[in-house]
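Here is the file protein05.cif (mmCIF, C-alpha atoms).
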```
data_run
loop_
_atom_site.group_PDB
_atom_site.id
_atom_site.type_symbol
_atom_site.label_atom_id
_atom_site.label_comp_id
_atom_site.auth_asym_id
_atom_site.auth_seq_id
_atom_site.Cartn_x
_atom_site.Cartn_y
_atom_site.Cartn_z
ATOM 1 C CA MET A 425 15.494 -5.216 -14.683
ATOM 2 C CA GLU A 426 15.865 -3.802 -11.166
ATOM 3 C CA TYR A 427 12.970 -3.670 -8.701
ATOM 4 C CA ILE A 428 12.461 -2.052 -5.287
ATOM 5 C CA GLU A 429 10.333 -3.666 -2.582
ATOM 6 C CA LEU A 430 7.553 -1.519 -1.117
ATOM 7 C CA GLU A 431 5.579 -1.467 2.110
ATOM 8 C CA VAL A 432 2.060 -0.050 2.387
ATOM 9 C CA ILE A 433 1.878 2.888 4.792
ATOM 10 C CA ASP A 434 -1.534 4.560 4.669
ATOM 11 C CA VAL A 435 -4.573 5.684 2.702
ATOM 12 C CA GLU A 436 -5.117 9.443 2.679
ATOM 13 C CA SER A 437 -7.529 11.921 1.165
ATOM 14 C CA SER A 438 -6.127 13.067 -2.162
ATOM 15 C CA GLN A 439 -5.712 16.620 -3.436
ATOM 16 C CA THR A 440 -7.213 15.462 -6.738
ATOM 17 C CA PRO A 441 -10.968 15.566 -7.555
ATOM 18 C CA SER A 442 -13.509 14.248 -5.057
ATOM 19 C CA GLU A 443 -13.839 10.535 -4.328
ATOM 20 C CA ALA A 444 -10.114 10.109 -5.029
ATOM 21 C CA PHE A 445 -7.677 8.905 -2.396
ATOM 22 C CA ALA A 446 -3.925 8.434 -2.189
ATOM 23 C CA LEU A 447 -2.389 5.085 -1.314
ATOM 24 C CA VAL A 448 0.998 5.805 0.259
ATOM 25 C CA VAL A 449 3.780 3.256 -0.176
ATOM 26 C CA ARG A 450 7.388 3.444 1.015
ATOM 27 C CA GLU A 451 10.623 1.799 -0.003
ATOM 28 C CA LYS A 452 11.151 -1.084 2.417
ATOM 29 C CA GLY A 453 13.907 -0.099 4.804
ATOM 30 C CA GLY A 454 14.050 3.398 3.293
ATOM 31 C CA GLU A 455 12.359 6.762 3.690
ATOM 32 C CA LYS A 456 11.208 7.796 0.206
ATOM 33 C CA GLU A 457 7.481 7.475 -0.450
ATOM 34 C CA MET A 458 5.300 7.201 -3.528
ATOM 35 C CA THR A 459 1.549 7.731 -3.860
ATOM 36 C CA LEU A 460 -0.962 5.957 -6.073
ATOM 37 C CA VAL A 461 -4.335 7.581 -6.727
ATOM 38 C CA ILE A 462 -7.190 5.152 -6.019
ATOM 39 C CA GLY A 463 -10.975 5.335 -5.957
ATOM 40 C CA LEU A 464 -13.410 5.308 -3.057
ATOM 41 C CA TYR A 465 -14.166 1.570 -3.185
ATOM 42 C CA GLU A 466 -10.460 0.664 -3.328
ATOM 43 C CA ALA A 467 -9.752 3.057 -0.453
ATOM 44 C CA ARG A 468 -12.406 1.384 1.729
ATOM 45 C CA THR A 469 -10.959 -2.042 0.996
ATOM 46 C CA LEU A 470 -7.376 -1.030 1.739
ATOM 47 C CA VAL A 471 -8.299 0.830 4.938
ATOM 48 C CA LEU A 472 -9.869 -2.384 6.255
ATOM 49 C CA LEU A 473 -6.803 -4.422 5.262
ATOM 50 C CA ILE A 474 -4.256 -1.968 6.661
ATOM 51 C CA SER A 475 -6.241 -1.674 9.896
ATOM 52 C CA LYS A 476 -6.605 -5.475 10.045
ATOM 53 C CA ILE A 477 -10.370 -5.235 10.459
ATOM 54 C CA GLN A 478 -11.991 -8.554 9.574
ATOM 55 C CA THR A 479 -15.340 -8.323 7.789
ATOM 56 C CA ARG A 480 -18.058 -10.874 8.476
ATOM 57 C CA ARG A 481 -18.383 -11.890 4.818
ATOM 58 C CA PRO A 482 -15.444 -12.444 2.423
ATOM 59 C CA SER A 483 -14.552 -9.641 0.051
ATOM 60 C CA THR A 484 -13.759 -10.223 -3.626
ATOM 61 C CA HIS A 485 -10.039 -10.177 -2.799
ATOM 62 C CA GLU A 486 -10.536 -12.736 -0.028
ATOM 63 C CA LEU A 487 -12.521 -14.900 -2.450
ATOM 64 C CA PHE A 488 -9.582 -14.797 -4.881
ATOM 65 C CA LYS A 489 -7.149 -15.647 -2.072
ATOM 66 C CA ASN A 490 -9.267 -18.578 -0.880
ATOM 67 C CA PHE A 491 -9.687 -19.901 -4.419
ATOM 68 C CA MET A 492 -5.950 -19.745 -5.161
ATOM 69 C CA GLN A 493 -5.017 -21.396 -1.872
ATOM 70 C CA ASN A 494 -7.531 -24.192 -2.409
ATOM 71 C CA ALA A 495 -6.069 -24.687 -5.886
ATOM 72 C CA ASN A 496 -2.607 -24.955 -4.265
ATOM 73 C CA TYR A 497 -1.286 -21.743 -5.782
ATOM 74 C CA SER A 498 0.688 -19.127 -3.886
ATOM 75 C CA LEU A 499 1.318 -15.494 -4.711
ATOM 76 C CA ASN A 500 5.052 -15.157 -5.249
ATOM 77 C CA ARG A 501 5.032 -11.384 -5.622
ATOM 78 C CA VAL A 502 3.317 -8.357 -7.129
ATOM 79 C CA LEU A 503 5.216 -6.429 -9.787
ATOM 80 C CA ILE A 504 4.386 -2.815 -10.627
ATOM 81 C CA TYR A 505 6.083 -2.836 -14.001
ATOM 82 C CA HIS A 506 4.814 0.188 -15.937
ATOM 83 C CA TYR A 507 3.577 3.752 -15.417
ATOM 84 C CA ASP A 508 1.932 5.906 -18.067
ATOM 85 C CA GLU A 509 -0.054 9.149 -17.743
ATOM 86 C CA GLY A 510 -0.910 8.620 -14.083
ATOM 87 C CA VAL A 511 -1.795 4.925 -14.435
ATOM 88 C CA PHE A 512 0.229 2.133 -12.806
ATOM 89 C CA TYR A 513 0.262 -1.366 -14.328
ATOM 90 C CA ALA A 514 0.816 -4.485 -12.225
ATOM 91 C CA HIS A 515 1.180 -8.240 -12.510
ATOM 92 C CA LEU A 516 0.463 -10.969 -9.983
ATOM 93 C CA LEU A 517 3.079 -13.735 -10.193
ATOM 94 C CA LEU A 518 1.363 -16.976 -9.152
ATOM 95 C CA GLN A 519 2.969 -20.378 -8.774
ATOM 96 C CA ASN A 520 2.493 -23.931 -7.610
ATOM 97 C CA LYS A 521 4.848 -26.919 -7.581
ATOM 98 C CA GLU A 522 4.663 -27.365 -11.343
ATOM 99 C CA LEU A 523 4.371 -23.956 -12.989
ATOM 100 C CA SER A 524 4.224 -20.220 -12.554
ATOM 101 C CA PHE A 525 2.420 -17.534 -14.533
ATOM 102 C CA GLU A 526 1.561 -13.842 -14.469
ATOM 103 C CA ILE A 527 -1.895 -12.247 -14.299
ATOM 104 C CA ASP A 528 -2.497 -8.624 -15.244
ATOM 105 C CA ALA A 529 -4.354 -6.716 -12.509
ATOM 106 C CA ARG A 530 -5.302 -3.249 -11.415
ATOM 107 C CA THR A 531 -2.541 -2.089 -9.094
ATOM 108 C CA SER A 532 -4.921 -1.430 -6.189
ATOM 109 C CA ASP A 533 -6.330 -4.973 -6.499
ATOM 110 C CA ALA A 534 -2.848 -6.465 -6.758
ATOM 111 C CA ILE A 535 -1.725 -4.644 -3.605
ATOM 112 C CA ALA A 536 -4.859 -5.687 -1.700
ATOM 113 C CA ILE A 537 -4.266 -9.342 -2.615
ATOM 114 C CA ALA A 538 -0.582 -9.042 -1.697
ATOM 115 C CA LEU A 539 -1.570 -7.749 1.755
ATOM 116 C CA LEU A 540 -3.972 -10.661 2.205
ATOM 117 C CA MET A 541 -1.451 -13.266 1.047
ATOM 118 C CA ASN A 542 1.626 -11.718 2.715
ATOM 119 C CA ALA A 543 3.434 -11.374 -0.616
ATOM 120 C CA PRO A 544 6.106 -8.795 -1.455
ATOM 121 C CA ILE A 545 5.164 -5.771 -3.573
ATOM 122 C CA LEU A 546 7.853 -4.657 -6.025
ATOM 123 C CA VAL A 547 8.087 -1.648 -8.329
ATOM 124 C CA ARG A 548 10.514 -1.024 -11.160
ATOM 125 C CA LYS A 549 13.365 1.130 -9.883
ATOM 126 C CA GLU A 550 13.047 3.656 -12.698
ATOM 127 C CA ILE A 551 9.370 4.241 -11.813
ATOM 128 C CA PHE A 552 10.149 4.653 -8.120
ATOM 129 C CA ASP A 553 13.119 6.950 -8.794
ATOM 130 C CA LYS A 554 10.902 9.138 -10.991
ATOM 131 C CA LEU A 555 7.913 9.433 -8.630
ATOM 132 C CA ALA A 556 9.146 8.888 -5.069
ATOM 133 C CA VAL A 557 9.871 11.763 -2.712
ATOM 134 C CA PHE A 558 11.025 12.214 0.860
ATOM 135 C CA PRO A 559 8.057 13.046 3.131
ATOM 136 C CA LYS A 560 7.993 16.454 4.751
ATOM 137 C CA LYS A 561 9.193 16.216 8.330
ATOM 138 C CA GLU A 562 5.952 17.516 9.793
ATOM 139 C CA GLU A 563 3.981 14.983 7.775
ATOM 140 C CA LYS A 564 6.205 12.011 8.457
ATOM 141 C CA LYS A 565 4.015 9.153 9.571
ATOM 142 C CA ILE A 566 4.354 7.162 12.745
ATOM 143 C CA GLU A 567 5.330 3.573 12.009
ATOM 144 C CA ASN A 568 3.807 0.427 13.429
ATOM 145 C CA LEU A 569 0.327 1.838 13.914
ATOM 146 C CA GLN A 570 -1.056 -1.649 13.394
ATOM 147 C CA PRO A 571 -0.615 -4.388 16.015
ATOM 148 C CA ASP A 572 2.406 -6.626 15.370
ATOM 149 C CA ILE A 573 0.822 -9.612 17.120
ATOM 150 C CA ASP A 574 -2.518 -11.387 16.970
ATOM 151 C CA LEU A 575 -4.851 -9.818 19.526
ATOM 152 C CA GLN A 576 -7.376 -11.516 21.760
ATOM 153 C CA PRO A 577 -11.019 -10.723 20.844
ATOM 154 C CA GLU A 578 -11.392 -8.171 23.675
ATOM 155 C CA GLU A 579 -8.118 -6.471 22.718
ATOM 156 C CA LEU A 580 -9.044 -6.413 19.039
ATOM 157 C CA GLU A 581 -12.415 -4.882 19.948
ATOM 158 C CA LEU A 582 -10.660 -2.070 21.835
ATOM 159 C CA TYR A 583 -8.185 -1.599 19.002
ATOM 160 C CA ILE A 584 -11.001 -1.201 16.448
ATOM 161 C CA GLU A 585 -12.837 1.264 18.713
ATOM 162 C CA ASN A 586 -9.676 3.357 19.094
ATOM 163 C CA LYS A 587 -9.075 3.227 15.352
ATOM 164 C CA LEU A 588 -12.597 4.464 14.640
ATOM 165 C CA HIS A 589 -12.236 7.196 17.250
ATOM 166 C CA GLU A 590 -9.130 8.515 15.426
ATOM 167 C CA MET A 591 -10.800 8.710 12.009
ATOM 168 C CA PRO A 592 -12.262 11.975 10.654
ATOM 169 C CA ILE A 593 -16.043 11.874 10.363
ATOM 170 C CA LYS A 594 -15.864 11.976 6.546
ATOM 171 C CA GLU A 595 -13.805 8.775 6.502
ATOM 172 C CA LEU A 596 -16.157 7.199 9.032
ATOM 173 C CA GLU A 597 -19.135 7.898 6.788
ATOM 174 C CA GLN A 598 -17.335 6.340 3.808
ATOM 175 C CA LEU A 599 -16.312 3.311 5.866
ATOM 176 C CA LEU A 600 -19.900 2.990 7.126
ATOM 177 C CA GLN A 601 -21.193 2.704 3.567
ATOM 178 C CA GLY A 602 -18.477 0.187 2.742
ATOM 179 C CA SER A 603 -19.335 -2.005 5.733
ATOM 180 C CA ILE A 604 -23.021 -1.928 4.779
ATOM 181 C CA ASP A 605 -22.178 -2.857 1.175
ATOM 182 C CA SER A 606 -20.147 -5.842 2.422
ATOM 183 C CA GLU A 607 -22.964 -6.834 4.843
ATOM 184 C CA ASP A 608 -20.735 -6.362 7.897
ATOM 185 C CA PHE A 609 -23.529 -4.936 10.014
ATOM 186 C CA GLU A 610 -21.679 -5.429 13.300
ATOM 187 C CA LEU A 611 -18.912 -3.096 12.134
ATOM 188 C CA ALA A 612 -21.497 -0.741 10.620
ATOM 189 C CA SER A 613 -23.179 -0.508 14.025
ATOM 190 C CA LYS A 614 -19.905 0.472 15.717
ATOM 191 C CA ILE A 615 -19.226 3.140 13.083
ATOM 192 C CA TYR A 616 -22.787 4.462 13.353
ATOM 193 C CA ASP A 617 -22.433 4.760 17.140
ATOM 194 C CA GLU A 618 -19.130 6.612 16.760
ATOM 195 C CA ILE A 619 -20.641 9.078 14.285
ATOM 196 C CA ASN A 620 -23.657 9.711 16.518
ATOM 197 C CA ALA A 621 -21.448 10.223 19.584
ATOM 198 C CA ARG A 622 -19.639 13.056 17.816
ATOM 199 C CA LYS A 623 -22.905 14.796 16.962
ATOM 200 C CA LEU A 624 -23.982 15.057 20.593
#
```
What does this structure look like when you write it as structure tokens?
Amino acid sequence: MEYIELEVIDVESSQTPSEAFALVVREKGGEKEMTLVIGLYEARTLVLLISKIQTRRPSTHELFKNFMQNANYSLNRVLIYHYDEGVFYAHLLLQNKELSFEIDARTSDAIAIALLMNAPILVRKEIFDKLAVFPKKEEKKIENLQPDIDLQPEELELYIENKLHEMPIKELEQLLQGSIDSEDFELASKIYDEINARKL
């Protein structure tokens, strides 16, 4: 069975009903893109991961990562193996020195954990060939929006401020609620200040 490796590109507002978002993934080393419809909570989580914003308290995905690492398991890869009526199905392939096994997971959760654990994300070629498209030239995204190196605290602070400044106010409001839910009140304060600055 042939698989294609993916890279996560962005989270965008979806054209589908409200509180739905589109997770955009691209063939690694290629140009064709595929979108996965995700919910508001999943969108908040992935925006934080893609933007490399560290929350003060561990998320559920970070808890899973920490547990697996302390149990001496690694995430070998994520496999998106099936698609049916708009729903993607994924497995996490976990392993240690003695055994390996698969865990069924929601695709958005599997991708979030893969981002945290630096694991490859693979999709069956027939699924990708069926759903992937070339992006329109005017909508083609700029690559490497995230820093490629670890930033010093002052640089990271500036990076986060710039990132917040670029976000539409609707996304800021959603991210604000997410940061409050995760008890990251320092980030919530920054978002709140950004929203208020735009209302002046």
Let me know the residues the PyMOL selection byres ((chain A and resi 513) around 9) catches in the file above, as a ChimeraX atom specification. /A:503-508,511-512,514-515,528-531
Expanded to explicit residues, what is the PyMOL selection byres ((chain A and resi 619) around 10) for this file, as an NGL selection string? :A and (588-589 or 592-594 or 596-597 or 600 or 613-618 or 620-624)
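One finds atom CA of Leu472 of chain A at 12.5 Å from atom CA of Met591 of chain A.
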Can you turn the PyMOL selection byres ((chain A and resi 540) around 8) into a concrete residue list for this file, as an MDAnalysis selection string? chainID A and resid 473 485:486 489 536:539 541:543
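Minimum atom-to-atom distance to Val461 of chain A, evaluated using only C-alpha atoms, belongs to A:Glu509 out of A:Glu429, A:Glu509, A:Asp553, A:Glu581.
Straight-line separation from atom CA of Ile477 of chain A to atom CA of Ser437 of chain A: 19.7 Å.
Across the structure, atom CA of Asp434 of chain A and atom CA of Ser532 of chain A are spaced 12.9 Å apart.
Among A:Gln493, A:Ser524, A:Asn586, A:Gln598, the residue with the shortest atom-to-atom distance to Tyr465 of chain A, counting only C-alpha atoms, is A:Gln598.
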